[in-house]
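Everything below belongs to protein-v8.cif, which stores mmCIF, C-alpha atoms.
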data_final
#
loop_
_atom_site.label_atom_id
_atom_site.label_comp_id
_atom_site.auth_asym_id
_atom_site.auth_seq_id
_atom_site.Cartn_x
_atom_site.Cartn_y
_atom_site.Cartn_z
CA MET A 611 0.00 0.00 0.00
CA THR A 612 1.52 3.32 -1.02
CA ALA A 613 1.94 6.19 1.45
CA PRO A 614 -0.67 8.47 -0.19
CA ILE A 615 -3.27 5.69 0.06
CA VAL A 616 -2.48 5.23 3.74
CA VAL A 617 -2.78 8.99 4.34
CA ARG A 618 -6.12 9.16 2.52
CA ALA A 619 -7.40 6.21 4.55
CA LEU A 620 -6.41 7.97 7.79
CA GLN A 621 -8.09 11.20 6.64
CA CYS A 622 -11.30 9.29 5.94
CA GLN A 623 -11.25 7.47 9.26
CA HIS A 624 -10.01 10.14 11.67
CA LEU A 625 -10.69 13.84 12.07
CA PHE A 626 -7.21 14.98 13.12
CA PRO A 627 -5.42 14.13 9.84
CA PHE A 628 -8.41 15.56 7.96
CA VAL A 629 -8.09 18.84 9.88
CA TRP A 630 -4.36 18.86 9.12
CA HIS A 631 -4.92 18.84 5.36
CA ALA A 632 -7.94 21.16 5.52
CA PHE A 633 -5.85 23.76 7.35
CA GLU A 634 -3.13 23.64 4.70
CA LEU A 635 -5.78 23.87 1.98
CA LEU A 636 -7.31 26.98 3.56
CA HIS A 637 -3.97 28.56 4.49
CA PRO A 638 -1.59 27.93 1.60
CA GLY A 639 2.02 28.51 2.52
CA GLN A 640 1.40 27.98 6.26
CA ASP A 641 2.51 24.78 7.90
CA PHE A 642 0.04 23.07 10.20
CA ILE A 643 1.45 22.53 13.69
CA PRO A 644 0.09 19.21 15.03
CA SER A 645 -0.47 20.53 18.54
CA TRP A 646 -1.75 18.33 21.36
CA HIS A 647 -4.73 20.61 22.02
CA VAL A 648 -5.93 20.27 18.40
CA ASN A 649 -5.59 16.51 18.72
CA ALA A 650 -7.60 16.67 21.96
CA MET A 651 -10.37 18.71 20.31
CA CYS A 652 -10.49 16.33 17.35
CA HIS A 653 -10.67 13.33 19.68
CA GLY A 654 -13.62 14.85 21.52
CA LEU A 655 -15.37 15.85 18.31
CA GLU A 656 -14.84 12.40 16.84
CA LYS A 657 -16.68 10.90 19.80
CA VAL A 658 -19.66 13.07 18.91
CA ALA A 659 -19.43 11.94 15.28
CA THR A 660 -19.56 8.28 16.32
CA GLY A 661 -22.41 8.90 18.78
CA GLU A 662 -20.36 7.94 21.82
CA THR A 663 -20.90 11.50 23.12
CA ARG A 664 -24.15 13.34 22.41
CA ARG A 665 -23.57 16.57 24.35
CA LEU A 666 -20.10 18.12 24.33
CA ILE A 667 -18.75 21.46 25.52
CA ILE A 668 -15.20 22.44 24.57
CA THR A 669 -13.79 25.53 26.27
CA VAL A 670 -10.60 26.80 24.67
CA PRO A 671 -8.91 30.21 24.30
CA PRO A 672 -9.22 32.14 21.01
CA ARG A 673 -6.78 31.54 18.16
CA HIS A 674 -6.33 27.86 19.00
CA GLY A 675 -8.01 26.34 15.94
CA LYS A 676 -11.42 25.66 17.44
CA SER A 677 -13.44 27.01 14.50
CA ILE A 678 -11.58 25.17 11.77
CA CYS A 679 -11.93 21.97 13.80
CA ALA A 680 -15.58 22.26 14.83
CA ALA A 681 -17.29 24.64 12.39
CA VAL A 682 -15.42 23.82 9.16
CA ALA A 683 -13.61 20.47 9.16
CA LEU A 684 -15.99 18.44 11.32
CA PRO A 685 -19.11 19.10 9.17
CA ALA A 686 -17.11 18.39 5.99
CA TRP A 687 -15.66 15.17 7.41
CA MET A 688 -18.99 13.92 8.77
CA LEU A 689 -20.81 14.68 5.51
CA GLY A 690 -18.09 12.85 3.65
CA ARG A 691 -18.85 9.78 5.72
CA ASP A 692 -22.63 10.30 5.64
CA PRO A 693 -23.88 12.80 3.03
CA ALA A 694 -27.46 12.57 4.36
CA LEU A 695 -26.57 14.20 7.70
CA LYS A 696 -28.10 17.60 8.46
CA ILE A 697 -25.76 19.90 10.36
CA MET A 698 -26.45 23.39 11.71
CA VAL A 699 -23.62 25.71 12.76
CA ALA A 700 -24.49 28.76 14.87
CA SER A 701 -22.21 31.76 15.48
CA TYR A 702 -22.73 35.17 17.09
CA GLY A 703 -22.71 37.21 13.87
CA SER A 704 -23.59 36.80 10.21
CA ASP A 705 -20.09 37.79 9.04
CA LEU A 706 -18.51 35.04 11.11
CA ALA A 707 -21.15 32.52 10.03
CA VAL A 708 -20.57 33.35 6.36
CA LYS A 709 -16.78 33.15 6.72
CA HIS A 710 -16.95 29.67 8.21
CA ALA A 711 -19.44 28.63 5.53
CA ARG A 712 -17.07 29.92 2.85
CA ASP A 713 -14.18 27.93 4.30
CA PHE A 714 -16.40 24.85 4.47
CA ARG A 715 -17.32 25.29 0.79
CA THR A 716 -13.65 25.64 -0.14
CA VAL A 717 -12.93 22.30 1.52
CA ILE A 718 -15.80 20.31 0.04
CA MET A 719 -15.32 21.78 -3.45
CA SER A 720 -11.64 20.85 -3.54
CA GLY A 721 -10.23 18.05 -5.66
CA TRP A 722 -8.70 16.52 -2.55
CA TYR A 723 -12.11 16.20 -0.90
CA ALA A 724 -13.72 14.81 -4.06
CA ALA A 725 -11.05 12.09 -4.21
CA LEU A 726 -11.47 11.37 -0.49
CA PHE A 727 -15.28 11.25 -0.47
CA PRO A 728 -16.47 10.76 -4.07
CA HIS A 729 -20.05 9.96 -3.00
CA THR A 730 -20.56 13.31 -1.30
CA GLN A 731 -21.55 15.87 -3.90
CA LEU A 732 -23.62 19.03 -3.74
CA GLU A 733 -27.08 19.19 -5.21
CA ILE A 734 -27.51 21.38 -8.29
CA GLY A 735 -28.41 24.75 -6.83
CA GLY A 736 -27.37 23.56 -3.40
CA ASN A 737 -24.22 25.65 -3.03
CA ARG A 738 -25.50 28.78 -1.32
CA VAL A 739 -23.83 31.40 0.84
CA ASP A 740 -25.31 30.10 4.09
CA GLU A 741 -26.42 26.58 3.17
CA GLN A 742 -24.88 23.69 1.26
CA ILE A 743 -27.14 20.78 0.32
CA THR A 744 -25.85 17.39 -0.79
CA ARG A 745 -27.46 15.15 -3.37
CA ALA A 746 -28.46 12.92 -0.45
CA GLN A 747 -30.39 15.92 0.96
CA GLY A 748 -28.03 16.38 3.87
CA GLY A 749 -25.88 19.43 4.30
CA ARG A 750 -24.63 22.30 6.43
CA LYS A 751 -26.69 25.33 7.44
CA ALA A 752 -25.04 28.47 8.86
CA VAL A 753 -27.05 30.64 11.26
CA SER A 754 -26.24 33.57 13.54
CA LEU A 755 -27.57 34.76 16.90
CA GLY A 756 -31.14 35.95 16.48
CA GLY A 757 -31.47 34.56 12.95
CA ALA A 758 -34.44 32.49 11.84
CA VAL A 759 -33.95 28.74 11.36
CA THR A 760 -37.49 27.80 10.37
CA GLY A 761 -37.72 24.88 7.99
CA PHE A 762 -34.35 23.30 8.79
CA GLY A 763 -34.02 20.24 11.00
CA ALA A 764 -30.64 19.12 12.31
CA ASP A 765 -29.04 15.86 13.36
CA LEU A 766 -26.11 17.82 14.79
CA ILE A 767 -26.02 21.39 16.10
CA ILE A 768 -22.64 23.08 16.49
CA VAL A 769 -22.58 26.28 18.53
CA ASP A 770 -19.31 28.11 17.84
CA ASP A 771 -18.93 31.37 19.78
CA LEU A 772 -22.54 32.44 20.26
CA MET A 773 -21.42 35.58 22.09
CA LYS A 774 -18.86 38.28 21.38
CA ALA A 775 -16.32 38.92 24.11
CA ALA A 776 -17.42 42.55 24.24
CA ASP A 777 -20.96 41.47 25.23
CA ALA A 778 -19.98 39.08 28.01
CA ASN A 779 -20.54 41.54 30.85
CA SER A 780 -24.08 42.33 29.73
CA PRO A 781 -26.72 40.25 31.55
CA ALA A 782 -29.14 40.99 28.70
CA GLU A 783 -26.74 39.65 26.07
CA ARG A 784 -25.96 36.54 28.11
CA GLN A 785 -29.68 35.92 28.46
CA ARG A 786 -30.16 36.52 24.75
CA ALA A 787 -27.62 33.80 23.92
CA ARG A 788 -29.25 31.36 26.35
CA ASP A 789 -32.73 32.11 24.99
CA TYR A 790 -31.57 31.59 21.40
CA TYR A 791 -30.04 28.26 22.33
CA GLU A 792 -33.00 27.04 24.39
CA GLN A 793 -35.90 28.42 22.36
CA THR A 794 -34.57 28.34 18.79
CA LEU A 795 -31.64 25.96 18.30
CA LEU A 796 -32.86 23.09 20.47
CA SER A 797 -36.18 23.05 18.62
CA ARG A 798 -34.32 22.23 15.38
CA LEU A 799 -33.10 18.78 16.44
CA ASN A 800 -34.73 16.11 14.29
CA ASN A 801 -34.55 13.63 17.15
CA LYS A 802 -34.44 15.11 20.64
CA SER A 803 -32.98 11.99 22.24
CA GLU A 804 -30.52 10.97 19.50
CA GLY A 805 -29.57 14.43 18.19
CA ARG A 806 -26.10 15.70 19.02
CA ILE A 807 -24.95 19.13 20.24
CA ILE A 808 -21.48 20.65 20.40
CA VAL A 809 -20.80 23.98 22.13
CA ILE A 810 -17.31 25.36 21.62
CA GLN A 811 -16.05 28.77 22.74
CA GLN A 812 -13.72 30.63 25.02
CA ARG A 813 -14.98 31.21 28.55
CA LEU A 814 -16.12 34.80 28.82
CA HIS A 815 -18.07 34.93 32.08
CA GLU A 816 -19.05 32.53 34.85
CA ASP A 817 -22.63 32.89 33.62
CA ASP A 818 -21.92 32.52 29.90
CA LEU A 819 -23.55 29.79 27.77
CA PRO A 820 -21.00 27.04 28.63
CA GLY A 821 -21.33 27.87 32.34
CA TYR A 822 -25.11 27.77 32.10
CA LEU A 823 -25.12 24.43 30.28
CA LEU A 824 -22.48 22.80 32.47
CA ALA A 825 -24.63 23.55 35.50
CA ASN A 826 -27.33 21.17 34.26
CA GLY A 827 -24.92 18.22 34.20
CA GLN A 828 -25.91 16.94 30.75
CA PHE A 829 -22.71 17.81 28.88
CA THR A 830 -19.31 16.21 28.68
CA HIS A 831 -16.72 18.95 29.18
CA LEU A 832 -13.33 19.21 27.49
CA ASN A 833 -11.57 22.13 29.14
CA LEU A 834 -8.40 23.43 27.46
CA PRO A 835 -7.30 26.53 29.42
CA ALA A 836 -4.48 28.77 28.22
CA LEU A 837 -2.72 28.19 31.55
CA ALA A 838 -3.09 25.09 33.67
CA VAL A 839 -4.60 25.94 37.05
CA GLU A 840 -3.79 22.54 38.54
CA HIS A 841 -1.63 19.52 37.71
CA GLN A 842 -3.27 16.86 35.58
CA ASP A 843 -1.78 13.46 34.67
#
In structure tokens, how does this file's structure come out?
Amino acid sequence: MTAPIVVRALQCQHLFPFVWHAFELLHPGQDFIPSWHVNAMCHGLEKVATGETRRLIITVPPRHGKSICAAVALPAWMLGRDPALKIMVASYGSDLAVKHARDFRTVIMSGWYAALFPHTQLEIGGNRVDEQITRAQGGRKAVSLGGAVTGFGADLIIVDDLMKAADANSPAERQRARDYYEQTLLSRLNNKSEGRIIVIQQRLHEDDLPGYLLANGQFTHLNLPALAVEHQD
């Protein structure tokens, strides 16, 4: 078996090597640094993909690759493995949502992706700014805080930074993020018991969305602080 075939097999089977190539595709000329924290995020996200984990919160500082892992690469990788999946990705603003959707489209429209997952193709007319629809009627839908999501059901909801850092000290904005999650996003799950949810963001306040959700005890938590506050083996 030649090396390229082995690499392609690993990219199909595991998220971390897929993220590695997706990063280099989106950032030509930049070398991907295979950091332990990216591997940890990919490991946690992969457990959601397999169904081993159904509710996951990842808290990680900014500029550590969380969005390319969770909002871009994970939907592309999962749709490559199952093009009928319906995935919704929520961000705090439309500009951020569109940027992640654009990066996602760059990945799935690449020749590398087509060779990796030849059965995952977009429907004619299904390559939109905020929504990409596969021929199997799965796809990725980008939404932003306060935006309407009527008519779209999801098997997986990814919440990537639902609040700006500048809004974290506002009780009204924290409540707005919680209300959008509880009253809008949760209602979009196709199957309330089997549907999966990922929340990934930096901690902004003790009462931010991750803090609120962790208090109910339903989420697995992967905490990746910038500085370790205690020794961990």
Between CA of Gly735 (chain A) and CA of Gln621 (chain A), measure the distance and give it in Å to one decimal. 27.9 Å
List the residues matched by the PyMOL selection byres ((chain A and resi 804) around 10) in the displayed structure as a VMD selection string, ordered by chain and then by residue number. chain A and resid 661 664 765 to 766 799 to 803 805 to 807
Residue members of the PyMOL selection byres ((chain A and resi 630) around 10) in the file shown, as an mmCIF file with C-alpha atoms, keeping the file's coordinate frame:
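Listed below is the output, selection.cif:
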data_model
loop_
_atom_site.group_PDB
_atom_site.id
_atom_site.type_symbol
_atom_site.label_atom_id
_atom_site.label_comp_id
_atom_site.auth_asym_id
_atom_site.auth_seq_id
_atom_site.Cartn_x
_atom_site.Cartn_y
_atom_site.Cartn_z
ATOM 1 C CA GLN A 621 -8.090 11.200 6.640
ATOM 2 C CA LEU A 625 -10.690 13.840 12.070
ATOM 3 C CA PHE A 626 -7.210 14.980 13.120
ATOM 4 C CA PRO A 627 -5.420 14.130 9.840
ATOM 5 C CA PHE A 628 -8.410 15.560 7.960
ATOM 6 C CA VAL A 629 -8.090 18.840 9.880
ATOM 7 C CA HIS A 631 -4.920 18.840 5.360
ATOM 8 C CA ALA A 632 -7.940 21.160 5.520
ATOM 9 C CA PHE A 633 -5.850 23.760 7.350
ATOM 10 C CA GLU A 634 -3.130 23.640 4.700
ATOM 11 C CA LEU A 635 -5.780 23.870 1.980
ATOM 12 C CA ASP A 641 2.510 24.780 7.900
ATOM 13 C CA PHE A 642 0.040 23.070 10.200
ATOM 14 C CA ILE A 643 1.450 22.530 13.690
ATOM 15 C CA PRO A 644 0.090 19.210 15.030
ATOM 16 C CA VAL A 648 -5.930 20.270 18.400
ATOM 17 C CA ASN A 649 -5.590 16.510 18.720
ATOM 18 C CA ILE A 678 -11.580 25.170 11.770
ATOM 19 C CA CYS A 679 -11.930 21.970 13.800
ATOM 20 C CA ALA A 683 -13.610 20.470 9.160
#
Residues in the PyMOL selection byres ((chain A and resi 750-762) around 9), expressed as a ChimeraX atom specification: /A:685-686,689,695-708,710-711,714,739-744,748-749,763-764,772-773,786-787,790-791,794-795,798-799
For a quick check of understanding, using all atoms listed in the file, which of A:His729, A:Arg788, A:His815, A:His637 has the smallest distance to Thr716 (chain A)? A:His637
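Pairwise distance (CA of Trp687 (chain A), CA of Cys622 (chain A)) equals 7.5 Å.
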Neighbours of point (-2.5, 30.7, 17.2) within 12 Å, using only C-alpha atoms, written as a ChimeraX atom specification: /A:640,642-645,647-648,670-678,836
